Amino acid sequence: MPQTEGPAVSFVVAQAETSAPGAHGVGTQDDTSPLPPSGGAANGVEISVPSGEAHGAGFPPFDAHTFPSQLIWLAIAFGALYLLMSRIALPRIGTILEERHDRIADDIEEAGRLKAESEAAAQAYEQALASARGKAHSIAAETRDTLAAQSEASRKALEADLHGKLTEAEAKIAATKTAAMANVRGIAVDAAGAIVSGLIGTVPAPQAVESAVDAVVKN
Amino acid sequence: MASSEIDPIHQFQILKIVDLGAPGGVQLAFTNSAAYMVGIVALVFFFLTYATRGRTLVPGRLQSLAEMSYEFVASTVRQTAGNEGMKFFPLVFSLFIFVLVANFVGLIPYTFTVTSHIIVTAALALVVIGTVIVYGFVRHGTHFLHLFVPSGVPAFLLPFMVVIELISFLSRPISLSLRLFANMLAGHIAMKVFAGFVVMMSASGVAGLLGATLPLAMVVALTALEFLVAFLQAYVFTVLTCIYLNDALHPGH
C-alpha cells in the first residue's frame with residue numbers, strides 16, 4: 001500500500017475498468033497527494049490489484065490539484081453555454097413565444113371584430129324586420145281603412161237608395177191614400193145624395209151634399 | 001473490481017483524458033469532469049435547438065419542454081427580481097439549465113456529477129456574486145453600499161447591523177455553493193453506500209440475498225429522492241441567484 005506518489009500504472013489498471021469510458025488507456029492518474037484510504041471496506045475485499053490507491057489520494061472534491069483544469073473547463077463550457085443561450089437558443093424560444101402571443105392577440109382581435117360585425121348584422125336584420133313589420137302594419141291599416149271607407153260608402157249609397165225608395169213609397173202611399181180618400185168622399189157624396197133622395201124623394205143639390213159630407217169628414 | 005464499486009467515494013474521481021501539460025506549474029488536463037461539462041453544454045444546446053427546429057405555432061412535445069423551461073425560469077426571474085431582472089435572464093437560465101442537467105446526468109449510473117465538486121459550485125456561486133457586485137457598483141455607484149445599511153435602525157445599532165449585513169452578504173456565495181455541493185455529494189454517497197450493501201449482502205448466500213432486498217428498496221427510494229433533490233437544488237440555486245440579483249437592482253431596503 002504505497003503512501004507516497006502513487007505508481008501510475010496501477011492507477012490506470014484500477015480505473016480503466018471501473019470509471020468513465022474516456023479514461024481507457026489514455027492518461028495517468030492525477031492524484032498526487034495520497035492520504036490514508038477513505039473507506040475501510042474498500043481495502044478489505046480486493047487484494048491483488050492495489051485498487052485502494054485510486055481513492056487513497058484523499059477526498060476527490062477537495063483535491064486542489066484538479067481545481068485549475070476544472071475551473072478552466074468550467075469557464076470554457078459555461079461561457080460557451082452562456083453565449084449559445086443568450087445569442088441563439090433563448091432569442092429563438094422567445095421569438096416563438098412572442099409570435100404565438102401576437103398570433104393569439106390577433107386572433108382575439110379578429111374574433112372581436114367578427115363578433116361586432118355579426119352583431120351589426122343582427123341589428124340590421126332586427127331593424128329590417130321591424131321596418132317590414134311596420135310596413136305590413138301600415139299596409140294592413142290602409143287596406144282596412146279603404147275597405148271600411150268603401151263599405152261605408154256603399155252602405156251610405158244603399159241607405160240613400162233605400163231612403164229614396166222609402167220616400168217614394170211613402171209618397172205613393174200618401175197619393176194612394178189621398179186618391180182613396182177622394183174616392184171615399186165621392187162615394188160618400190154619392191151615397192149621401194142617394195140616401196137623401198131615397199128618404200125625402202128629392203135629389204138634393206150636389207153642393208149641399210158635398211159640403212155636408214165635408215163637414216162630417218172633418219169631424 | 002468489486003471493491004472499487006463499493007467505495008462510495010470513487011465516483012467523484014477526476015480522471016485525465018488528455019493531459020495538457022502544466023504551464024506555469026499548474027496542472028491542466030481535459031478530464032472526465034471537463035468532458036461532462038462540455039457534454040452538458042452540447043446536450044442543452046442541441047436539445048433546445050432541435051426541439052424548436054419547427055418553430056411551430058402549436059408546440060410539439062419537445063418544443064413544449066423547451067418553452068416550459070424558458071417560461072419557468074422567466075417567471076422565476078420576474079417574480080423575484082421584477083421585469084428589470086430580465087436583463088439577467090440569459091445568465092440565470094444558463095445557470096439553471098447547467099446545474100439541472102448536471103444534476104440529472106449525474107443520476108445516471110456510472111456517470112460523473114459535475115456539481116458534486118465544490119470548485120465547480122463555488123465558481124458558479126462566484127459568478128453570481130461577482131455579477132451582483134459588478135452590476136451593483138456600475139449601476140448604483142456607492143449607493144450600492146446602502147445594501148449594508150438597513151434603513152430605520154437606531155444609530156447606536158447601525159455599526160452592528162452593517163457588520164451583520166456584511167457577513168450575511170459574504171456568506172452568500174459560500175452557502176450557495178456549499179448547499180448544492182453538499183446535497184449532490186451526500187445524495188450520491190448515500191446511494192452508493194446502500195448499493196454497496198446490496199452487493200456485499202447478496203454475496204454472502206441465500207439469507208444475504210433475501211436481506212439485500214432491504215437496502216435495494218432503500219436505493220430505489222433514494223434514487224427517487226435524488227431526482228427530487230436534483231431538480232430542487234437547481235431551482236433553489238436559481239431562486240437565490242434571482243434574489244441576489246434583485247439586491248443589485250434595488251439596493252437599500
# chains A, B, ... in the order shown; residues from 1 in each chain; ligands from 1
$ closest_atom_pairs --of "chain B" --to "chain A" --cutoff "6 Å" --atoms "only C-alpha atoms" --output "Markdown table"
| residue | atom | partner | partner_atom | distance |
| --- | --- | --- | --- | --- |
| B:Ser3 | CA | A:Ala42 | CA | 5.0 |
| B:Asp7 | CA | A:Ala42 | CA | 5.4 |
| B:Phe12 | CA | A:Pro60 | CA | 5.9 |
| B:Gln13 | CA | A:Pro60 | CA | 5.5 |
| B:Lys16 | CA | A:Gly27 | CA | 5.5 |
| B:Ile17 | CA | A:Ala23 | CA | 5.5 |
| B:Leu28 | CA | A:Ser69 | CA | 4.7 |
| B:Ala29 | CA | A:Ser69 | CA | 5.6 |
| B:Ala34 | CA | A:Trp73 | CA | 5.4 |
| B:Met37 | CA | A:Ala77 | CA | 5.9 |
| B:Val38 | CA | A:Ala77 | CA | 5.4 |
| B:Val41 | CA | A:Leu81 | CA | 5.6 |
| B:Leu57 | CA | A:Arg100 | CA | 5.9 |
| B:Pro90 | CA | A:Ser86 | CA | 5.1 |
| B:Ser94 | CA | A:Tyr82 | CA | 5.7 |
| B:His117 | CA | A:Pro61 | CA | 4.8 |
$ write_last_selection --atoms "N, CA, C and O atoms" --output "mmCIF file, in the first residue's frame"
data_model
loop_
_atom_site.group_PDB
_atom_site.id
_atom_site.type_symbol
_atom_site.label_atom_id
_atom_site.label_comp_id
_atom_site.auth_asym_id
_atom_site.auth_seq_id
_atom_site.Cartn_x
_atom_site.Cartn_y
_atom_site.Cartn_z
ATOM 1 N N SER B 3 -14.345 -4.088 -5.096
ATOM 2 C CA SER B 3 -14.017 -3.124 -4.054
ATOM 3 C C SER B 3 -14.210 -1.694 -4.533
ATOM 4 O O SER B 3 -14.703 -0.856 -3.792
ATOM 5 N N ASP B 7 -16.694 1.251 -2.969
ATOM 6 C CA ASP B 7 -16.175 2.501 -2.416
ATOM 7 C C ASP B 7 -17.048 3.670 -2.872
ATOM 8 O O ASP B 7 -17.121 3.975 -4.063
ATOM 9 N N PHE B 12 -16.390 10.152 -7.450
ATOM 10 C CA PHE B 12 -16.052 11.568 -7.558
ATOM 11 C C PHE B 12 -14.660 11.795 -8.116
ATOM 12 O O PHE B 12 -14.181 12.916 -8.150
ATOM 13 N N GLN B 13 -13.996 10.697 -8.503
ATOM 14 C CA GLN B 13 -12.634 10.826 -9.013
ATOM 15 C C GLN B 13 -12.582 11.673 -10.281
ATOM 16 O O GLN B 13 -13.434 11.585 -11.145
ATOM 17 N N LYS B 16 -7.838 12.110 -15.827
ATOM 18 C CA LYS B 16 -7.343 12.817 -17.008
ATOM 19 C C LYS B 16 -7.708 12.026 -18.249
ATOM 20 O O LYS B 16 -7.584 10.813 -18.306
ATOM 21 N N ILE B 17 -8.190 12.736 -19.242
ATOM 22 C CA ILE B 17 -8.408 12.101 -20.541
ATOM 23 C C ILE B 17 -7.297 12.535 -21.485
ATOM 24 O O ILE B 17 -6.666 11.728 -22.138
ATOM 25 N N LEU B 28 -2.875 21.171 -16.025
ATOM 26 C CA LEU B 28 -4.083 21.332 -16.833
ATOM 27 C C LEU B 28 -4.346 20.037 -17.564
ATOM 28 O O LEU B 28 -3.419 19.369 -18.007
ATOM 29 N N ALA B 29 -5.591 19.703 -17.677
ATOM 30 C CA ALA B 29 -5.914 18.477 -18.398
ATOM 31 C C ALA B 29 -7.375 18.513 -18.808
ATOM 32 O O ALA B 29 -8.199 19.194 -18.185
ATOM 33 N N ALA B 34 -14.359 17.746 -17.248
ATOM 34 C CA ALA B 34 -14.438 18.663 -18.390
ATOM 35 C C ALA B 34 -15.294 18.063 -19.500
ATOM 36 O O ALA B 34 -16.106 18.758 -20.123
ATOM 37 N N MET B 37 -18.836 18.506 -18.600
ATOM 38 C CA MET B 37 -19.276 19.905 -18.759
ATOM 39 C C MET B 37 -19.557 20.211 -20.220
ATOM 40 O O MET B 37 -20.611 20.752 -20.569
ATOM 41 N N VAL B 38 -18.605 19.840 -21.065
ATOM 42 C CA VAL B 38 -18.782 20.099 -22.496
ATOM 43 C C VAL B 38 -19.989 19.327 -23.013
ATOM 44 O O VAL B 38 -20.804 19.855 -23.788
ATOM 45 N N VAL B 41 -23.212 21.089 -22.015
ATOM 46 C CA VAL B 41 -23.463 22.265 -22.855
ATOM 47 C C VAL B 41 -23.971 21.822 -24.226
ATOM 48 O O VAL B 41 -24.964 22.358 -24.752
ATOM 49 N N LEU B 57 -46.375 26.900 -34.335
ATOM 50 C CA LEU B 57 -47.284 27.731 -33.534
ATOM 51 C C LEU B 57 -47.871 26.901 -32.405
ATOM 52 O O LEU B 57 -47.950 27.347 -31.263
ATOM 53 N N PRO B 90 -30.600 35.530 -19.485
ATOM 54 C CA PRO B 90 -29.699 34.522 -20.088
ATOM 55 C C PRO B 90 -28.754 33.903 -19.067
ATOM 56 O O PRO B 90 -28.528 32.696 -19.082
ATOM 57 N N SER B 94 -28.885 30.067 -18.015
ATOM 58 C CA SER B 94 -27.700 29.234 -18.211
ATOM 59 C C SER B 94 -27.337 28.516 -16.918
ATOM 60 O O SER B 94 -27.037 27.311 -16.922
ATOM 61 N N HIS B 117 -18.588 18.617 -7.196
ATOM 62 C CA HIS B 117 -17.270 19.153 -6.874
ATOM 63 C C HIS B 117 -17.403 20.593 -6.434
ATOM 64 O O HIS B 117 -17.989 21.416 -7.142
#
$ atom_distance --atom1 "atom CA of Leu166 of chain B" --atom2 "atom CA of Ala248 of chain B"
14.4 Å
$ atom_distance --atom1 "atom CA of Gly82 of chain B" --atom2 "atom CA of Pro251 of chain B"
13.7 Å
$ residues_around --residues "Leu225 of chain B" --least-positions-apart "6" --cutoff "12 Å" --atoms "only C-alpha atoms" --output "PyMOL selection string"
chain B and resi 107+183-184+186-188+190-191+218-219+231-233
$ select_by_dssp --residues "segment 90-215 of chain B" --states "alpha helix (DSSP H)" --output "count of residues only"
94
$ residues_around --residues "Ile14 of chain B" --least-positions-apart "4" --cutoff "7 Å" --atoms "only C-alpha atoms" --output "compact mmCIF listing (two decimals) with all heavy atoms, in the first residue's frame"
# COMPACT_ATOMS: atom_id res chain seq x y z
N PRO A 60 -11.75 13.36 -3.36
CA PRO A 60 -11.53 14.00 -4.67
C PRO A 60 -12.05 15.44 -4.77
O PRO A 60 -11.35 16.28 -5.32
CB PRO A 60 -12.27 13.07 -5.63
CG PRO A 60 -12.36 11.78 -4.94
CD PRO A 60 -12.38 12.05 -3.47
N THR B 31 -10.30 16.54 -18.44
CA THR B 31 -10.65 15.44 -17.53
C THR B 31 -12.06 14.95 -17.82
O THR B 31 -12.77 15.49 -18.68
CB THR B 31 -10.57 15.92 -16.08
OG1 THR B 31 -11.52 16.97 -15.94
CG2 THR B 31 -9.20 16.43 -15.75
N ASN B 32 -12.45 13.92 -17.07
CA ASN B 32 -13.83 13.45 -17.21
C ASN B 32 -14.81 14.55 -16.83
O ASN B 32 -15.86 14.69 -17.44
CB ASN B 32 -14.05 12.18 -16.39
CG ASN B 32 -13.71 12.38 -14.93
OD1 ASN B 32 -13.06 13.36 -14.57
ND2 ASN B 32 -14.14 11.45 -14.09
N SER B 33 -14.43 15.34 -15.83
CA SER B 33 -15.29 16.45 -15.43
C SER B 33 -15.49 17.42 -16.59
O SER B 33 -16.61 17.83 -16.91
CB SER B 33 -14.67 17.16 -14.23
OG SER B 33 -15.29 18.38 -14.01
$ atom_distance --atom1 "atom CA of Leu48 of chain B" --atom2 "atom CA of Val92 of chain B"
15.9 Å
$ residues_around --residues "Asn103 of chain B" --least-positions-apart "6" --cutoff "8 Å" --atoms "only C-alpha atoms" --output "PDB file with N, CA and C atoms, in the first residue's frame"
ATOM      1  N   THR B 113     -20.753  13.373 -11.684  1.00  0.00           N
ATOM      2  CA  THR B 113     -21.609  14.507 -11.352  1.00  0.00           C
ATOM      3  C   THR B 113     -20.759  15.757 -11.222  1.00  0.00           C
ATOM      4  N   VAL B 114     -20.898  16.641 -12.195  1.00  0.00           N
ATOM      5  CA  VAL B 114     -20.074  17.858 -12.209  1.00  0.00           C
ATOM      6  C   VAL B 114     -20.309  18.692 -10.954  1.00  0.00           C
ATOM      7  N   THR B 115     -21.579  18.760 -10.538  1.00  0.00           N
ATOM      8  CA  THR B 115     -21.927  19.637  -9.421  1.00  0.00           C
ATOM      9  C   THR B 115     -21.578  19.016  -8.070  1.00  0.00           C
ATOM     10  N   MET B 184     -25.516  17.230  -3.533  1.00  0.00           N
ATOM     11  CA  MET B 184     -25.137  16.268  -4.571  1.00  0.00           C
ATOM     12  C   MET B 184     -24.227  15.199  -3.999  1.00  0.00           C
ATOM     13  N   ALA B 230     -32.278  16.752  -7.181  1.00  0.00           N
ATOM     14  CA  ALA B 230     -31.579  17.283  -8.355  1.00  0.00           C
ATOM     15  C   ALA B 230     -32.321  18.485  -8.921  1.00  0.00           C
ATOM     16  N   PHE B 231     -33.637  18.343  -9.015  1.00  0.00           N
ATOM     17  CA  PHE B 231     -34.415  19.478  -9.527  1.00  0.00           C
ATOM     18  C   PHE B 231     -34.464  20.609  -8.508  1.00  0.00           C
ATOM     19  N   ALA B 234     -31.313  22.704  -8.215  1.00  0.00           N
ATOM     20  CA  ALA B 234     -31.171  23.605  -9.365  1.00  0.00           C
ATOM     21  C   ALA B 234     -32.124  24.787  -9.207  1.00  0.00           C
TER      22      ALA B 234
END
